[in-house]
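Dumped query_39.pdb below, it's PDB, C-alpha atoms:
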ATOM      1  CA  MET A  19      -7.261  13.844  13.374
ATOM      2  CA  LYS A  20      -5.249  12.161  10.610
ATOM      3  CA  LYS A  21      -6.129  12.272   6.924
ATOM      4  CA  VAL A  22      -5.997   8.905   5.140
ATOM      5  CA  LEU A  23      -6.333   8.470   1.356
ATOM      6  CA  TYR A  24      -7.279   5.289  -0.513
ATOM      7  CA  LEU A  25      -6.193   5.119  -4.163
ATOM      8  CA  ALA A  26      -8.285   2.769  -6.307
ATOM      9  CA  ASP A  27      -9.340   2.044  -9.885
ATOM     10  CA  ALA A  28     -12.774   3.516 -10.549
ATOM     11  CA  TYR A  29     -13.577   0.529 -12.780
ATOM     12  CA  LYS A  30     -12.533  -2.183 -10.340
ATOM     13  CA  ILE A  31     -13.054  -2.309  -6.578
ATOM     14  CA  ASP A  32     -13.042  -5.289  -4.214
ATOM     15  CA  ARG A  33     -14.472  -4.956  -0.730
ATOM     16  CA  HIS A  34     -11.893  -7.251   0.946
ATOM     17  CA  PRO A  35      -8.918  -4.818   0.898
ATOM     18  CA  LEU A  36     -11.164  -2.250   2.567
ATOM     19  CA  ASP A  37     -11.010  -4.365   5.730
ATOM     20  CA  PHE A  38      -7.384  -3.268   6.045
ATOM     21  CA  ALA A  39      -8.333   0.350   5.340
ATOM     22  CA  GLY A  40     -10.904   0.137   8.133
ATOM     23  CA  PHE A  41      -8.283  -1.270  10.503
ATOM     24  CA  VAL A  42      -5.957   1.654   9.726
ATOM     25  CA  CYS A  43      -8.679   4.284  10.055
ATOM     26  CA  GLN A  44      -9.760   2.908  13.412
ATOM     27  CA  LEU A  45      -6.148   2.957  14.650
ATOM     28  CA  LEU A  46      -5.731   6.581  13.550
ATOM     29  CA  HIS A  47      -9.292   7.696  14.426
ATOM     30  CA  ALA A  48      -9.452   9.029  10.873
ATOM     31  CA  PRO A  49     -12.022   9.140   8.076
ATOM     32  CA  LEU A  50     -11.109   7.742   4.673
ATOM     33  CA  THR A  51     -11.004   9.625   1.374
ATOM     34  CA  GLY A  52     -11.238   7.367  -1.654
ATOM     35  CA  LEU A  53      -9.394   8.628  -4.740
ATOM     36  CA  PHE A  54     -10.967   6.771  -7.655
ATOM     37  CA  VAL A  55      -9.019   7.203 -10.862
ATOM     38  CA  GLU A  56     -10.401   6.729 -14.383
ATOM     39  CA  LEU A  57      -7.278   5.186 -15.824
ATOM     40  CA  ALA A  58      -8.722   4.303 -19.216
ATOM     41  CA  ALA A  59     -11.173   7.143 -19.656
ATOM     42  CA  HIS A  60      -9.465   8.383 -22.816
ATOM     43  CA  ASP A  61      -8.020   5.141 -24.185
ATOM     44  CA  SER A  62     -10.153   3.820 -27.034
ATOM     45  CA  ALA A  63      -7.765   0.909 -27.635
ATOM     46  CA  SER A  64      -8.732  -0.606 -24.275
ATOM     47  CA  GLU A  65     -12.503  -0.434 -24.862
ATOM     48  CA  LYS A  66     -12.933  -4.197 -25.341
ATOM     49  CA  ALA A  67     -10.939  -5.034 -22.233
ATOM     50  CA  LEU A  68     -12.837  -2.434 -20.243
ATOM     51  CA  ARG A  69     -16.175  -3.870 -21.330
ATOM     52  CA  GLU A  70     -15.081  -7.309 -20.140
ATOM     53  CA  GLU A  71     -13.887  -5.895 -16.830
ATOM     54  CA  MET A  72     -17.093  -3.961 -16.288
ATOM     55  CA  ILE A  73     -19.185  -7.040 -17.029
ATOM     56  CA  CYS A  74     -17.127  -9.080 -14.573
ATOM     57  CA  SER A  75     -17.673  -6.397 -11.945
ATOM     58  CA  GLY A  76     -21.421  -6.923 -12.174
ATOM     59  CA  ALA A  77     -22.487  -4.041 -14.391
ATOM     60  CA  ASP A  78     -25.515  -4.699 -16.629
ATOM     61  CA  TYR A  79     -24.362  -5.364 -20.150
ATOM     62  CA  ASN A  80     -25.970  -4.656 -23.483
ATOM     63  CA  ARG A  81     -23.844  -4.903 -26.615
ATOM     64  CA  ASP A  82     -25.489  -1.762 -27.970
ATOM     65  CA  THR A  83     -24.982   0.302 -24.834
ATOM     66  CA  PRO A  84     -22.600   3.223 -25.535
ATOM     67  CA  MET A  85     -19.256   2.957 -23.822
ATOM     68  CA  GLU A  86     -19.798   6.235 -21.943
ATOM     69  CA  ILE A  87     -23.015   4.964 -20.320
ATOM     70  CA  LEU A  88     -21.505   1.600 -19.429
ATOM     71  CA  ARG A  89     -18.484   3.342 -17.931
ATOM     72  CA  ASP A  90     -20.627   5.658 -15.799
ATOM     73  CA  GLU A  91     -22.783   2.768 -14.552
ATOM     74  CA  CYS A  92     -19.696   0.779 -13.573
ATOM     75  CA  ILE A  93     -18.126   3.746 -11.742
ATOM     76  CA  GLN A  94     -21.301   4.503  -9.808
ATOM     77  CA  ARG A  95     -21.618   0.846  -8.850
ATOM     78  CA  ASN A  96     -18.040   0.769  -7.561
ATOM     79  CA  LEU A  97     -18.473   4.008  -5.619
ATOM     80  CA  SER A  98     -21.538   2.468  -3.986
ATOM     81  CA  VAL A  99     -19.550  -0.651  -3.084
ATOM     82  CA  PHE A 100     -16.905   1.578  -1.497
ATOM     83  CA  ARG A 101     -19.358   3.665   0.516
ATOM     84  CA  ASN A 102     -21.469   0.687   1.619
ATOM     85  CA  THR A 103     -18.435  -1.333   2.674
ATOM     86  CA  CYS A 104     -17.045   1.574   4.683
ATOM     87  CA  ASP A 105     -20.418   1.926   6.419
ATOM     88  CA  GLU A 106     -20.459  -1.797   7.213
ATOM     89  CA  VAL A 107     -16.887  -1.800   8.528
ATOM     90  CA  GLY A 108     -17.774   1.229  10.630
ATOM     91  CA  PHE A 109     -15.791   4.272   9.521
ATOM     92  CA  ASN A 110     -16.575   7.489   7.715
ATOM     93  CA  ALA A 111     -15.614   7.817   4.068
ATOM     94  CA  GLN A 112     -15.981  10.033   1.050
ATOM     95  CA  ALA A 113     -15.091   9.410  -2.594
ATOM     96  CA  LEU A 114     -13.431  11.667  -5.167
ATOM     97  CA  LEU A 115     -13.336  10.825  -8.881
ATOM     98  CA  ILE A 116     -10.155  11.789 -10.758
ATOM     99  CA  SER A 117     -10.196  11.668 -14.567
ATOM    100  CA  ASP A 118      -7.462  14.044 -15.744
ATOM    101  CA  HIS A 119      -3.850  14.672 -14.739
ATOM    102  CA  ILE A 120      -4.108  11.651 -12.477
ATOM    103  CA  ALA A 121      -0.569  11.448 -11.103
ATOM    104  CA  ASP A 122      -0.345  15.193 -10.434
ATOM    105  CA  SER A 123      -3.777  15.269  -8.799
ATOM    106  CA  VAL A 124      -2.990  12.317  -6.532
ATOM    107  CA  VAL A 125       0.392  13.747  -5.540
ATOM    108  CA  THR A 126      -1.270  17.048  -4.639
ATOM    109  CA  GLU A 127      -3.798  15.208  -2.450
ATOM    110  CA  CYS A 128      -0.917  13.338  -0.766
ATOM    111  CA  ARG A 129       0.856  16.585   0.030
ATOM    112  CA  TYR A 130      -1.922  17.431   2.477
ATOM    113  CA  ALA A 131      -2.506  13.941   3.879
ATOM    114  CA  ASP A 132      -0.898  11.732   6.518
ATOM    115  CA  LEU A 133      -1.058   8.399   4.712
ATOM    116  CA  LEU A 134      -1.841   6.965   1.262
ATOM    117  CA  LEU A 135      -3.233   3.439   0.908
ATOM    118  CA  ILE A 136      -2.959   1.880  -2.563
ATOM    119  CA  ASP A 137      -5.523  -0.741  -3.541
ATOM    120  CA  PRO A 138      -3.969  -4.058  -4.702
ATOM    121  CA  ALA A 139      -5.680  -3.689  -8.105
ATOM    122  CA  LEU A 140      -3.300  -0.761  -8.678
ATOM    123  CA  GLY A 141      -0.242  -2.640  -7.402
ATOM    124  CA  LEU A 142       3.268  -2.288  -8.791
ATOM    125  CA  SER A 143       3.041  -5.493 -10.803
ATOM    126  CA  VAL A 144      -0.590  -5.325 -11.940
ATOM    127  CA  SER A 145      -1.480  -4.664 -15.559
ATOM    128  CA  ASN A 146      -5.068  -4.359 -16.725
ATOM    129  CA  ALA A 147      -7.180  -2.268 -19.053
ATOM    130  CA  GLY A 148      -5.924   1.275 -19.048
ATOM    131  CA  HIS A 149      -3.436   0.647 -16.262
ATOM    132  CA  SER A 150       0.267  -0.105 -16.231
ATOM    133  CA  PRO A 151       2.510  -0.506 -13.177
ATOM    134  CA  SER A 152       4.368   2.688 -14.157
ATOM    135  CA  MET A 153       1.441   4.837 -13.014
ATOM    136  CA  ALA A 154       1.557   3.369  -9.510
ATOM    137  CA  ARG A 155       5.358   3.652  -9.453
ATOM    138  CA  ASN A 156       5.213   7.312 -10.463
ATOM    139  CA  ILE A 157       2.761   8.119  -7.698
ATOM    140  CA  LEU A 158       4.777   6.088  -5.212
ATOM    141  CA  SER A 159       8.028   7.848  -6.086
ATOM    142  CA  GLN A 160       6.475  11.327  -5.908
ATOM    143  CA  SER A 161       4.161  10.890  -2.921
ATOM    144  CA  GLU A 162       4.851  13.351  -0.122
ATOM    145  CA  CYS A 163       3.379  11.155   2.602
ATOM    146  CA  PRO A 164       3.944   7.525   3.661
ATOM    147  CA  VAL A 165       2.344   4.846   1.499
ATOM    148  CA  ILE A 166       0.959   1.406   2.308
ATOM    149  CA  LEU A 167       0.426  -1.137  -0.451
ATOM    150  CA  VAL A 168      -2.749  -2.829   0.782
ATOM    151  CA  PRO A 169      -3.016  -6.649   0.873
ATOM    152  CA  GLU A 170      -5.792  -8.393  -1.025
ATOM    153  CA  ARG A 171      -7.164  -9.835   2.215
ATOM    154  CA  PHE A 172      -6.686  -8.822   5.825
ATOM    155  CA  ASP A 173      -7.219 -11.165   8.769
ATOM    156  CA  GLY A 174      -5.465  -9.183  11.482
ATOM    157  CA  LEU A 175      -1.932  -8.071  12.310
ATOM    158  CA  GLU A 176       0.385 -10.040  14.581
ATOM    159  CA  GLU A 177       3.892  -9.161  13.429
ATOM    160  CA  ILE A 178       5.707  -6.114  12.036
ATOM    161  CA  VAL A 179       8.935  -6.489  10.031
ATOM    162  CA  PHE A 180      11.380  -3.597   9.772
ATOM    163  CA  ALA A 181      13.768  -3.887   6.802
ATOM    164  CA  TYR A 182      16.788  -2.149   8.338
ATOM    165  CA  ASP A 183      20.069  -1.475   6.523
ATOM    166  CA  GLY A 184      21.442   1.347   8.665
ATOM    167  CA  SER A 185      20.648   3.985   6.033
ATOM    168  CA  PRO A 186      18.964   7.252   7.067
ATOM    169  CA  SER A 187      15.945   6.334   4.938
ATOM    170  CA  SER A 188      15.411   3.002   6.704
ATOM    171  CA  VAL A 189      15.707   4.633  10.130
ATOM    172  CA  PHE A 190      13.341   7.404   9.055
ATOM    173  CA  ALA A 191      10.808   4.814   7.858
ATOM    174  CA  ILE A 192      10.861   3.084  11.248
ATOM    175  CA  LYS A 193      10.436   6.377  13.120
ATOM    176  CA  GLN A 194       7.679   7.516  10.773
ATOM    177  CA  PHE A 195       5.820   4.242  11.223
ATOM    178  CA  CYS A 196       6.134   4.411  15.014
ATOM    179  CA  ALA A 197       4.906   8.014  15.043
ATOM    180  CA  LEU A 198       1.867   7.138  12.917
ATOM    181  CA  PHE A 199       0.989   3.909  14.704
ATOM    182  CA  PRO A 200       1.866   4.124  18.410
ATOM    183  CA  ARG A 201      -0.971   1.685  19.133
ATOM    184  CA  LEU A 202       0.900  -1.102  17.321
ATOM    185  CA  THR A 203       3.828  -1.236  19.761
ATOM    186  CA  ASP A 204       2.259  -4.289  21.401
ATOM    187  CA  ARG A 205       2.796  -6.380  18.241
ATOM    188  CA  LYS A 206       5.753  -8.688  17.739
ATOM    189  CA  LEU A 207       8.580  -6.795  15.994
ATOM    190  CA  THR A 208      11.236  -8.396  13.777
ATOM    191  CA  VAL A 209      14.143  -6.284  12.525
ATOM    192  CA  LEU A 210      15.554  -7.866   9.364
ATOM    193  CA  THR A 211      19.137  -6.855   8.607
ATOM    194  CA  ALA A 212      21.389  -7.906   5.744
ATOM    195  CA  HIS A 213      25.081  -8.481   5.014
ATOM    196  CA  GLY A 214      25.963  -8.664   8.714
ATOM    197  CA  GLU A 215      28.118  -5.715   9.755
ATOM    198  CA  THR A 216      28.859  -4.708   6.154
ATOM    199  CA  TRP A 217      25.771  -2.502   6.110
ATOM    200  CA  VAL A 218      25.176  -1.913   9.815
ATOM    201  CA  SER A 219      27.856  -1.588  12.503
ATOM    202  CA  LYS A 220      27.590  -3.265  15.914
ATOM    203  CA  ASN A 221      27.265   0.156  17.512
ATOM    204  CA  GLU A 222      24.316   1.139  15.302
ATOM    205  CA  LEU A 223      22.625  -2.212  15.841
ATOM    206  CA  GLN A 224      22.952  -1.653  19.581
ATOM    207  CA  LEU A 225      21.583   1.879  19.341
ATOM    208  CA  MET A 226      18.652   0.747  17.190
ATOM    209  CA  GLY A 227      17.916  -2.164  19.521
ATOM    210  CA  ASP A 228      17.930   0.069  22.594
ATOM    211  CA  TRP A 229      15.594   2.582  20.950
ATOM    212  CA  LEU A 230      13.163  -0.049  19.673
ATOM    213  CA  ARG A 231      13.010  -1.879  23.009
ATOM    214  CA  GLY A 232      11.996   1.411  24.562
ATOM    215  CA  ASN A 233       8.973   1.440  22.248
ATOM    216  CA  PHE A 234       8.075  -2.206  21.545
ATOM    217  CA  ARG A 235       7.482  -5.061  23.964
ATOM    218  CA  ASP A 236       8.849  -7.891  21.794
ATOM    219  CA  VAL A 237      11.864  -7.122  19.553
ATOM    220  CA  LYS A 238      13.924  -9.664  17.611
ATOM    221  CA  PHE A 239      16.832  -9.041  15.190
ATOM    222  CA  VAL A 240      17.297 -11.461  12.270
ATOM    223  CA  ASN A 241      20.331 -11.404   9.957
ATOM    224  CA  ALA A 242      19.110 -12.082   6.441
ATOM    225  CA  GLY A 243      22.547 -12.997   5.117
ATOM    226  CA  ALA A 244      24.114 -11.918   1.828
ATOM    227  CA  ASP A 245      21.116 -12.437  -0.465
ATOM    228  CA  SER A 246      18.830  -9.923   1.192
ATOM    229  CA  ARG A 247      16.126 -10.026  -1.488
ATOM    230  CA  MET A 248      15.662 -13.770  -1.311
ATOM    231  CA  ALA A 249      15.889 -13.764   2.481
ATOM    232  CA  LEU A 250      13.121 -11.199   2.817
ATOM    233  CA  LEU A 251      10.880 -13.064   0.377
ATOM    234  CA  GLU A 252      11.465 -16.365   2.155
ATOM    235  CA  TYR A 253      10.843 -14.827   5.554
ATOM    236  CA  VAL A 254       7.566 -13.109   4.713
ATOM    237  CA  LEU A 255       6.244 -15.959   2.550
ATOM    238  CA  GLU A 256       6.231 -18.173   5.626
ATOM    239  CA  LYS A 257       4.276 -15.648   7.675
ATOM    240  CA  ASP A 258       0.672 -14.533   7.933
ATOM    241  CA  LYS A 259      -0.815 -11.398   9.501
ATOM    242  CA  LEU A 260       2.310  -9.431   8.708
ATOM    243  CA  LEU A 261       3.205  -5.827   7.816
ATOM    244  CA  ILE A 262       6.557  -4.883   6.233
ATOM    245  CA  VAL A 263       8.176  -1.467   6.747
ATOM    246  CA  MET A 264      10.757  -0.151   4.260
ATOM    247  CA  GLY A 265      12.689   3.027   3.598
ATOM    248  CA  ALA A 266      12.342   5.683   0.914
ATOM    249  CA  TYR A 267      11.244   4.548  -2.519
ATOM    250  CA  GLY A 268      13.944   4.174  -5.156
ATOM    251  CA  ARG A 269      16.941   4.612  -2.853
ATOM    252  CA  SER A 270      19.726   2.160  -2.020
ATOM    253  CA  GLY A 271      19.830  -0.724   0.438
ATOM    254  CA  TRP A 272      16.611  -2.471   1.391
ATOM    255  CA  SER A 273      14.598   0.113  -0.494
ATOM    256  CA  ALA A 274      15.875  -1.436  -3.738
ATOM    257  CA  PHE A 275      12.968  -3.833  -3.272
ATOM    258  CA  VAL A 276      10.569  -1.078  -4.202
ATOM    259  CA  SER A 277      12.531   0.209  -7.166
ATOM    260  CA  ALA A 278      11.138  -0.288 -10.645
ATOM    261  CA  SER A 279      12.875  -3.662 -11.025
ATOM    262  CA  HIS A 280      12.689  -5.193  -7.563
ATOM    263  CA  ALA A 281       9.207  -4.385  -6.312
ATOM    264  CA  GLU A 282       7.465  -7.037  -8.376
ATOM    265  CA  PRO A 283       8.505 -10.090  -6.309
ATOM    266  CA  ILE A 284       6.854  -8.665  -3.205
ATOM    267  CA  ALA A 285       3.926  -6.988  -4.926
ATOM    268  CA  LYS A 286       3.125  -9.986  -7.096
ATOM    269  CA  PHE A 287       3.918 -12.982  -4.923
ATOM    270  CA  VAL A 288       3.568 -11.718  -1.365
ATOM    271  CA  SER A 289       0.141 -10.516  -0.343
ATOM    272  CA  LYS A 290       1.305  -8.569   2.697
ATOM    273  CA  ALA A 291       0.838  -4.965   3.718
ATOM    274  CA  LEU A 292       3.920  -2.957   2.700
ATOM    275  CA  PHE A 293       4.619   0.427   4.378
ATOM    276  CA  ILE A 294       6.972   2.702   2.415
ATOM    277  CA  SER A 295       8.173   6.023   3.777
ATOM    278  CA  HIS A 296       9.376   9.092   1.896
ATOM    279  CA  ARG A 297      12.007  11.553   2.954
TER     280      ARG A 297
END
What would the structure in this file look like if it were written as structure tokens?
Amino acid sequence: MKKVLYLADAYKIDRHPLDFAGFVCQLLHAPLTGLFVELAAHDSASEKALREEMICSGADYNRDTPMEILRDECIQRNLSVFRNTCDEVGFNAQALLISDHIADSVVTECRYADLLLIDPALGLSVSNAGHSPSMARNILSQSECPVILVPERFDGLEEIVFAYDGSPSSVFAIKQFCALFPRLTDRKLTVLTAHGETWVSKNELQLMGDWLRGNFRDVKFVNAGADSRMALLEYVLEKDKLLIVMGAYGRSGWSAFVSASHAEPIAKFVSKALFISHR
């Protein structure tokens, strides 16, 4: 049985991304462990913003209510939303609350897990009370298991896109994805390459194609041209029900998309599931 983690903000949870988590857990026959982090627990400067966020989340509000009580009520409400949604979707789940040493604690949990799902409210381009994108980037760069950035809404999966540049990390990502999700080999597969044969030789393209066609029913190679970033954005923006697979975080080639400077276009403007491997 696989172990799947779901990283979320304890002060803000939306039930819609959990549809994707349920899809993954059913594929892997795995329960879900929610890691709820108190990102602003010790930040007095963000108290006003946190109050507004808690009110928007549905927590009862009284101007005289101490911040500690309001915070606890909001957290308990969100944990209930998580548990109830998981019950409705039909998979087992438990929730852990993490208040201190957040990045280290999450990385330790990842070390003994098969997959980490990151809620879109903690995305690489999201800033809110007590949260900056750097926290998510730090966890992403240090995670010792594959990571999926979860889309805001999930209506099914029809196509998988492999961002392939011939690097060991991109090949490893594809193999890691296939090993985790053998039940997805019936989906349409698009292999997006860039820079023609500058990055990937004809021989390697042939080898990759032969291997993939031995695993997937429908495989198509698409040359993204010289401007690989723009080509990937244009390709996925036109698609629905899509999952993107990329190589190790912070390395060269296609994985530059998920570096500190290049992740934002996908994370902010493309609400697609993004699978990122680590090696």
What is the CA of Pro138 (chain A)-CA of Ser185 (chain A) distance in Å, reported with one decimal?
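Computing it gives 28.0 Å between the two atoms.
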Take every atom of region 162-167 of chain A listed in the file, fit an axis-aligned box around them, add 6 Å per side, and give the centre and edge lengths in Å to one decimal as JSON.
{"center_x": 2.6, "center_y": 6.1, "center_z": 1.6, "size_x": 16.4, "size_y": 26.5, "size_z": 16.1}
A:Val168, A:Ile116, A:Ala48, A:Val179: which is nearest Leu135 (chain A), counting all atoms listed in the file?
A:Val168
Counting all atoms listed in the file, find the residues whose atoms lie at most 9 Å from (-15.9, -0.3, 8.3) (file coordinates) and write them out as a PyMOL selection string.
chain A and resi 36-37+39-41+43-44+102-110
Test item: the PyMOL selection byres ((chain A and resi 175) around 10) resolved as a CSV table (one decimal) with C-alpha atoms, keeping the file's coordinate frame:
chain,number,residue,atom,x,y,z
A,38,PHE,CA,-7.4,-3.3,6.0
A,41,PHE,CA,-8.3,-1.3,10.5
A,172,PHE,CA,-6.7,-8.8,5.8
A,173,ASP,CA,-7.2,-11.2,8.8
A,174,GLY,CA,-5.5,-9.2,11.5
A,176,GLU,CA,0.4,-10.0,14.6
A,177,GLU,CA,3.9,-9.2,13.4
A,178,ILE,CA,5.7,-6.1,12.0
A,202,LEU,CA,0.9,-1.1,17.3
A,205,ARG,CA,2.8,-6.4,18.2
A,206,LYS,CA,5.8,-8.7,17.7
A,258,ASP,CA,0.7,-14.5,7.9
A,259,LYS,CA,-0.8,-11.4,9.5
A,260,LEU,CA,2.3,-9.4,8.7
A,261,LEU,CA,3.2,-5.8,7.8
A,291,ALA,CA,0.8,-5.0,3.7
Pull out every residue that the PyMOL selection byres ((chain A and resi 226) around 12) matches in the shown coordinates and put them as a PyMOL selection string.
chain A and resi 180+182-185+188-190+192-193+209+211+218-225+227-234+237-239
Would you translate the PyMOL selection byres ((chain A and resi 55) around 12) into the concrete set of residues it matches in this file, as a PyMOL selection string?
chain A and resi 24-31+52-54+56-59+93+96-97+113-124+136-137+139-140+148-149+153-154
Would you be able to write out as a VMD selection string which residues have an atom within 10 Å of (6.6, 10.6, 8.7) in the file's coordinates, counting all atoms listed in the file?
chain A and resid 132 to 133 162 to 164 190 to 198 295 to 297
Quick one, how far is CA of His47 (chain A) from CA of Gln112 (chain A)?
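So the answer is 15.1 Å.
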Calculate how many Å separate CA of Arg155 (chain A) from CA of Leu46 (chain A), rounding to one decimal.
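The value is 25.7 Å.
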How would region 196-204 of chain A look with all heavy atoms restored, written as a PDB file, in the coordinates of the input?
ATOM      1  N   CYS A 196       6.420   4.366  13.569  1.00  0.00           N
ATOM      2  CA  CYS A 196       6.134   4.411  15.014  1.00  0.00           C
ATOM      3  C   CYS A 196       5.328   5.650  15.388  1.00  0.00           C
ATOM      4  O   CYS A 196       4.443   5.588  16.244  1.00  0.00           O
ATOM      5  CB  CYS A 196       7.434   4.365  15.805  1.00  0.00           C
ATOM      6  SG  CYS A 196       8.326   2.795  15.676  1.00  0.00           S
ATOM      7  N   ALA A 197       5.634   6.784  14.753  1.00  0.00           N
ATOM      8  CA  ALA A 197       4.906   8.014  15.043  1.00  0.00           C
ATOM      9  C   ALA A 197       3.455   7.924  14.584  1.00  0.00           C
ATOM     10  O   ALA A 197       2.543   8.432  15.245  1.00  0.00           O
ATOM     11  CB  ALA A 197       5.601   9.203  14.379  1.00  0.00           C
ATOM     12  N   LEU A 198       3.223   7.268  13.444  1.00  0.00           N
ATOM     13  CA  LEU A 198       1.867   7.138  12.917  1.00  0.00           C
ATOM     14  C   LEU A 198       1.049   6.107  13.679  1.00  0.00           C
ATOM     15  O   LEU A 198      -0.159   6.272  13.874  1.00  0.00           O
ATOM     16  CB  LEU A 198       1.919   6.737  11.439  1.00  0.00           C
ATOM     17  CG  LEU A 198       1.734   7.820  10.384  1.00  0.00           C
ATOM     18  CD1 LEU A 198       1.833   7.196   8.991  1.00  0.00           C
ATOM     19  CD2 LEU A 198       0.418   8.560  10.533  1.00  0.00           C
ATOM     20  N   PHE A 199       1.714   5.037  14.113  1.00  0.00           N
ATOM     21  CA  PHE A 199       0.989   3.909  14.704  1.00  0.00           C
ATOM     22  C   PHE A 199       1.506   3.547  16.095  1.00  0.00           C
ATOM     23  O   PHE A 199       1.979   2.424  16.323  1.00  0.00           O
ATOM     24  CB  PHE A 199       1.091   2.693  13.787  1.00  0.00           C
ATOM     25  CG  PHE A 199       0.482   2.887  12.425  1.00  0.00           C
ATOM     26  CD1 PHE A 199       1.286   3.046  11.306  1.00  0.00           C
ATOM     27  CD2 PHE A 199      -0.894   2.916  12.265  1.00  0.00           C
ATOM     28  CE1 PHE A 199       0.729   3.221  10.049  1.00  0.00           C
ATOM     29  CE2 PHE A 199      -1.466   3.096  11.010  1.00  0.00           C
ATOM     30  CZ  PHE A 199      -0.660   3.250   9.908  1.00  0.00           C
ATOM     31  N   PRO A 200       1.407   4.456  17.058  1.00  0.00           N
ATOM     32  CA  PRO A 200       1.866   4.124  18.410  1.00  0.00           C
ATOM     33  C   PRO A 200       1.062   2.995  19.051  1.00  0.00           C
ATOM     34  O   PRO A 200       1.545   2.332  19.975  1.00  0.00           O
ATOM     35  CB  PRO A 200       1.681   5.450  19.168  1.00  0.00           C
ATOM     36  CG  PRO A 200       0.623   6.185  18.408  1.00  0.00           C
ATOM     37  CD  PRO A 200       0.859   5.824  16.971  1.00  0.00           C
ATOM     38  N   ARG A 201      -0.136   2.735  18.549  1.00  0.00           N
ATOM     39  CA  ARG A 201      -0.971   1.685  19.133  1.00  0.00           C
ATOM     40  C   ARG A 201      -0.563   0.283  18.669  1.00  0.00           C
ATOM     41  O   ARG A 201      -1.129  -0.709  19.126  1.00  0.00           O
ATOM     42  CB  ARG A 201      -2.444   1.935  18.789  1.00  0.00           C
ATOM     43  CG  ARG A 201      -2.998   3.209  19.407  1.00  0.00           C
ATOM     44  CD  ARG A 201      -4.409   3.494  18.931  1.00  0.00           C
ATOM     45  NE  ARG A 201      -5.349   2.450  19.317  1.00  0.00           N
ATOM     46  CZ  ARG A 201      -6.614   2.393  18.909  1.00  0.00           C
ATOM     47  NH1 ARG A 201      -7.073   3.331  18.082  1.00  0.00           N
ATOM     48  NH2 ARG A 201      -7.406   1.415  19.292  1.00  0.00           N
ATOM     49  N   LEU A 202       0.442   0.200  17.791  1.00  0.00           N
ATOM     50  CA  LEU A 202       0.900  -1.102  17.321  1.00  0.00           C
ATOM     51  C   LEU A 202       2.173  -1.572  18.032  1.00  0.00           C
ATOM     52  O   LEU A 202       2.769  -2.573  17.632  1.00  0.00           O
ATOM     53  CB  LEU A 202       1.145  -1.062  15.807  1.00  0.00           C
ATOM     54  CG  LEU A 202      -0.092  -0.875  14.933  1.00  0.00           C
ATOM     55  CD1 LEU A 202       0.301  -0.847  13.457  1.00  0.00           C
ATOM     56  CD2 LEU A 202      -1.115  -1.987  15.192  1.00  0.00           C
ATOM     57  N   THR A 203       2.593  -0.866  19.067  1.00  0.00           N
ATOM     58  CA  THR A 203       3.828  -1.236  19.761  1.00  0.00           C
ATOM     59  C   THR A 203       3.673  -2.507  20.591  1.00  0.00           C
ATOM     60  O   THR A 203       4.657  -3.017  21.122  1.00  0.00           O
ATOM     61  CB  THR A 203       4.306  -0.094  20.672  1.00  0.00           C
ATOM     62  OG1 THR A 203       3.258   0.264  21.592  1.00  0.00           O
ATOM     63  CG2 THR A 203       4.684   1.127  19.845  1.00  0.00           C
ATOM     64  N   ASP A 204       2.452  -3.034  20.687  1.00  0.00           N
ATOM     65  CA  ASP A 204       2.259  -4.289  21.401  1.00  0.00           C
ATOM     66  C   ASP A 204       2.408  -5.497  20.483  1.00  0.00           C
ATOM     67  O   ASP A 204       2.367  -6.645  20.938  1.00  0.00           O
ATOM     68  CB  ASP A 204       0.888  -4.327  22.074  1.00  0.00           C
ATOM     69  CG  ASP A 204      -0.259  -4.218  21.072  1.00  0.00           C
ATOM     70  OD1 ASP A 204      -0.020  -3.760  19.936  1.00  0.00           O
ATOM     71  OD2 ASP A 204      -1.391  -4.580  21.432  1.00  0.00           O
TER      72      ASP A 204
END
